[in-house]
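**Student:** Just dropping this structure here.
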Number of protein chains: 2
Amino acid sequence: MDYITGVNKKDTLEISEIVSGDYIDKEIKINGSVHNIRDMGDVAFVILRKREGLIQCVYEEGKSGFELSEIKDAATVEITGVVKPEERAPHGLEVRITGIKILSLPSDVMPLPIAKWKLKTSLEAKLNNRSAVLRNIKERAKFKLSEGIVRGFRDFLYNEGFTEIHTPKIGAKGAEGGANIFKFEYFHRPAVLEQSPQLYKQMMVGVFDRVFETGPVFRAEKHNTKRHLNEYTSLDFEMGFIDSFEDIMAMETGFLQYTMNLLEKDYARELKVLGVELPKVDKIPQVKFEEAKRLVSEKYDRQIRNPYDLEPEEEHLIGQYFKEEYDSDFVFVTHYPSKKRPFYAMDDPADPTFTLSFDLLFKGMEITTGGQRIHDYQMLLDKIEARGMTTEGLDHYLNTFKIGMPPHGGLGIGLERLAMQLLGEENVREVTLFPRDLSRLEP
Amino acid sequence: MDYITGVNKKDTLEISEIVSGDYIDKEIKINGSVHNIRDMGDVAFVILRKREGLIQCVYEEGKSGFELSEIKDAATVEITGVVKPEERAPHGLEVRITGIKILSLPSDVMPLPIAKWKLKTSLEAKLNNRSAVLRNIKERAKFKLSEGIVRGFRDFLYNEGFTEIHTPKIGAKGAEGGANIFKFEYFHRPAVLEQSPQLYKQMMVGVFDRVFETGPVFRAEKHNTKRHLNEYTSLDFEMGFIDSFEDIMAMETGFLQYTMNLLEKDYARELKVLGVELPKVDKIPQVKFEEAKRLVSEKYDRQIRNPYDLEPEEEHLIGQYFKEEYDSDFVFVTHYPSKKRPFYAMDDPADPTFTLSFDLLFKGMEITTGGQRIHDYQMLLDKIEARGMTTEGLDHYLNTFKIGMPPHGGLGIGLERLAMQLLGEENVREVTLFPRDLSRLEP
């Protein structure tokens, strides 16, 4: 009987192995994609792209065992060669090629010069040529950092006793209701794509005390802005037995601290490639919604137009204010008006026109909405009634509160927005693998 | 300025802290949900449910500082009490209550006796009362094990150099095409819910060499069986620079080895609660599709009806065969007929009526489909043409192959099916938080 016994070590090396220094003057094997070729006549530099970066291989006519014309950019190859120190090459070494096995050849040229350090092209072109563009070293590094954020979120929450859950994306009713929801037919019944795991994660607080989910959410919003997507990755958590809604902000701050450390430690290469400086997250100021409005109105001489919500420009100015006054890239804006928050938000007992809720602004943009939720069944019913809503479709959710729920709250973080602000990008699409917006459904 | 500085240690303890032994004879605080109350007259046992399990608290009339009638099952409370050794209690200790703070009270009784060790109720009732049923210790333990599987998948693949990606669930065209696809209107354009991240993860192999995703997939199949869901969590990976499709099976075996170790180490409590014995995964036999068919046909005297696919009963018998003959719960069935595999599957050069693909059976049920994919542009075009398909909607996918792709392959694992077989459940819905099937769209 033939058995599969697990992962076998291959005889090809990864860049981190070669860079260790153990292979100087030794013959090694390495595979990868030909990122580009610089032909100098008798000698050519064949730059190989691997998941850990680029490595310089040297072709020498008559010594490398093949004709340079046999390969081209975007070929995939397995190279045999001898590792030699070379100060001018990446990692201070190069591989002098002694043999090659061509694994595949492209049938067309790159639509864009992806081997250039910085791609000077429009966002539109970048999104239309995703398979090619992301092979650019800077472009792909963005998505490694996104990975690091999600990894940090999960690992931090595991350590804090949270349980990961998977809630359905197809539902009978959206968490927030309203018009911004994709509808479809599910075996002859009306169904929706969930805008948020909100109602499900609350239901699961009664089971696991603390839960989180990292998954797609869907918003049929007709916004065509630099910061809106119609599908995005939401980092959600919900926690029970809180003493106040500050516990939720404390947990988010802990996540940011953990994640910035993780990025510094495990994603140093990508931070360097992108020139990203990590923000300080040792302490995050908090300010009440009305106070924040007043502060920027006074400092920047700006009239308050909408007393119930923050306009994007106001968010921007609040970010600027806290950077200037407190040298902080982050600020928690708390106590949003009740009329702009969903029915499940807990009103502030001190003034029920406001809620025990918050947004987290990062460099002047909202990246998180969170807060304490109502945990009392009757209080929920009363608020639903006071809003003129019906309980239709909310039976299972409401039944959860009938059978007892601890004081609890949680939040949702937009992954792409957090990444956008961390990387200093101008458009959320820059940090989305395959964005979905009003006009884009492909690739 | 008020700052949030990160997670503060609370003065309430978790069960693992109390169990450490450091708190014997000391007064502590602990919060949780009242799982049930056993009133013995002057004394009552108040069993508290926390995320780490149950803990016995003892109410003594006149000493505990409140009337027992003030609390009831499903109340959430913060208890002050003294830790005392007690052999007959869980963890060998109990908390003698000296004070209580009631955090919330339920407004109704439990619809099912969830405090019983084993819930004797129908699957239908379990699914209709999700918020209550999952508070049962055995029921919720299932989902901790599911968490462990996903966690093992990610951690193992991170270690193996994979990059995590998030691909869109809304698309213009499904990966496999066909009728089993949910359709909807996306801003006046036809759109679908993705059946699989297949085409996207292949596109990303050209970028990161190795990628994975854990996320929802959607199948509009009209199957109403014990093993089908219309939305499930798929654990997908795709890897480049493979030497053969055995590399993919080796990676999956590595994942199973890593994950069984993780479960044994970090999820021992849940394994014990559920009485789960972990399967051996040191080596997994592989057998060709045709050979597997022949073996069970001979041993179990069963006629081969469909030469191109495995019927569920045949899968079951193959599982039985390899258990009986090789004491293995797993078996890789390889070389599925080309006509039953999707267009992107790599045909076997030795016999193109078969593919370099496999299914992994676990206790006689398919939990994975994987294989090598075509990486040559022209070969892909030829296969699409030979199948009478069109390239419509495949432009972005096909462009990826034009610009060079390494030999690669991957797989998709159905999380719920893997959990179902691991736990010995009869129905995949038992291990799905909120299943979606032909008749179920709520909760």
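In the structure tokens, each chain is lettered A, B, ... as it comes, each chain's residues begin at 1, and ligands are numbered from 1 in order of appearance.
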Considering only C-alpha atoms, return as a VMD selection string whatever protein or nucleic-acid residues lie within 10 Å of stretch 370-374 of chain B, sequence-local ones (same chain, fewer than 4 positions apart) excluded.

**Tutor:** chain B and resid 202 236 to 240 242 to 249 252 334 to 336 341 to 348 355 to 360 378 to 380 383 401 405 to 413

**Student:** Determine, counting only C-alpha atoms, which protein, DNA and RNA residues have an atom within 10 Å of an atom of A:Cys57; residues of the same chain fewer than 2 positions away are not included. Present the result as a PyMOL selection string.

**Tutor:** chain A and resi 30+34+37+44-48+54-55+59-60+79-84+89+93-97

**Student:** Okay, now the selection with C-alpha atoms, as an mmCIF file, in the first residue's frame?

**Tutor:**
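The resulting part-v5.cif:
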data_model
loop_
_atom_site.group_PDB
_atom_site.id
_atom_site.type_symbol
_atom_site.label_atom_id
_atom_site.label_comp_id
_atom_site.auth_asym_id
_atom_site.auth_seq_id
_atom_site.Cartn_x
_atom_site.Cartn_y
_atom_site.Cartn_z
ATOM 1 C CA ILE A 30 15.921 27.199 -5.996
ATOM 2 C CA VAL A 34 11.541 35.129 -13.481
ATOM 3 C CA ILE A 37 16.224 39.671 -16.816
ATOM 4 C CA ALA A 44 22.848 38.388 -17.366
ATOM 5 C CA PHE A 45 21.078 38.947 -14.087
ATOM 6 C CA VAL A 46 18.045 36.760 -13.744
ATOM 7 C CA ILE A 47 15.969 38.094 -10.848
ATOM 8 C CA LEU A 48 13.836 35.380 -9.355
ATOM 9 C CA LEU A 54 13.633 38.645 -4.848
ATOM 10 C CA ILE A 55 16.946 36.884 -5.328
ATOM 11 C CA TYR A 59 23.617 33.682 -16.011
ATOM 12 C CA GLU A 60 27.073 33.228 -17.587
ATOM 13 C CA ILE A 79 17.642 26.836 -10.990
ATOM 14 C CA THR A 80 20.762 25.010 -9.848
ATOM 15 C CA GLY A 81 23.611 27.278 -8.866
ATOM 16 C CA VAL A 82 26.368 28.186 -6.462
ATOM 17 C CA VAL A 83 25.759 30.808 -3.770
ATOM 18 C CA LYS A 84 28.336 33.614 -3.781
ATOM 19 C CA ALA A 89 22.748 42.179 -4.686
ATOM 20 C CA LEU A 93 24.492 37.326 -2.201
ATOM 21 C CA GLU A 94 23.719 35.867 -5.590
ATOM 22 C CA VAL A 95 23.324 32.476 -7.191
ATOM 23 C CA ARG A 96 25.669 31.683 -10.118
ATOM 24 C CA ILE A 97 23.550 29.500 -12.338
#

**Student:** Quick one: which residues from chain B are at most 7 Å off chain A, using only C-alpha atoms, as a VMD selection string?

**Tutor:** chain B and resid 1 to 7 51 74 to 76 103 to 110 131 134 to 135 147 164 167 to 168 171 to 172 184 187 203 to 204 207 to 209 215 249 to 251 253 to 254 282 to 286 396 400 402 to 406 433 to 434 438 441 to 443

**Student:** Would you work out the distance separating atom CA of B:Met260 from atom CA of B:Glu416, expressed in Å to one decimal?

**Tutor:**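 Going from atom CA of B:Met260 over to atom CA of B:Glu416, I get 16.0 Å.
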
**Student:** Could you state the separation of atom CA of A:Lys26 and atom CA of A:Asp39 in Å, given to one decimal place?

**Tutor:**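 Computed distance, atom CA of A:Lys26 to atom CA of A:Asp39, equals 24.7 Å.
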
**Student:** List the neighbours of B:Leu123 out to 8 Å using only C-alpha atoms; skip same-chain residues closer than 3 positions along the sequence, and give me the result as a ChimeraX atom specification.

**Tutor:** /B:126-127,430

**Student:** Could you write those residues out with N, CA and C atoms, as a compact mmCIF listing (two decimals), in the first residue's frame?

**Tutor:**
# COMPACT_ATOMS: atom_id res chain seq x y z
N LYS B 126 -33.46 21.21 18.07
CA LYS B 126 -32.16 21.82 18.36
C LYS B 126 -31.92 23.03 17.47
N LEU B 127 -32.31 22.90 16.21
CA LEU B 127 -32.06 23.99 15.26
C LEU B 127 -33.05 25.14 15.44
N GLU B 430 -25.60 19.13 12.82
CA GLU B 430 -25.24 19.06 14.25
C GLU B 430 -24.00 19.90 14.56

**Student:** Between atom CA of A:Pro337 and atom CA of A:Asp309, what distance in Å does the model show, to one decimal?

**Tutor:** 7.6 Å

**Student:** Would you please give, as a PyMOL selection string, all residues of stretch 262-307 of chain B that DSSP assigns to strand (DSSP E) based on the backbone?

**Tutor:** chain B and resi 284-288

**Student:** Would you please extract all alpha helix (DSSP H) residues from stretch 348-427 of chain B, as assigned by DSSP on the backbone, and give them as a list in words?

**Tutor:**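 Alpha helix (DSSP H) members of stretch 348-427 of chain B, listed: Tyr377, Gln378, Met379, Leu380, Leu381, Asp382, Lys383, Ile384, Glu385, Ala386, Asp395, His396, Tyr397, Leu398, Asn399, Thr400, Phe401, Lys402, Leu415, Glu416, Arg417, Leu418, Ala419, Met420, Gln421, Leu422 and Leu423 of chain B.
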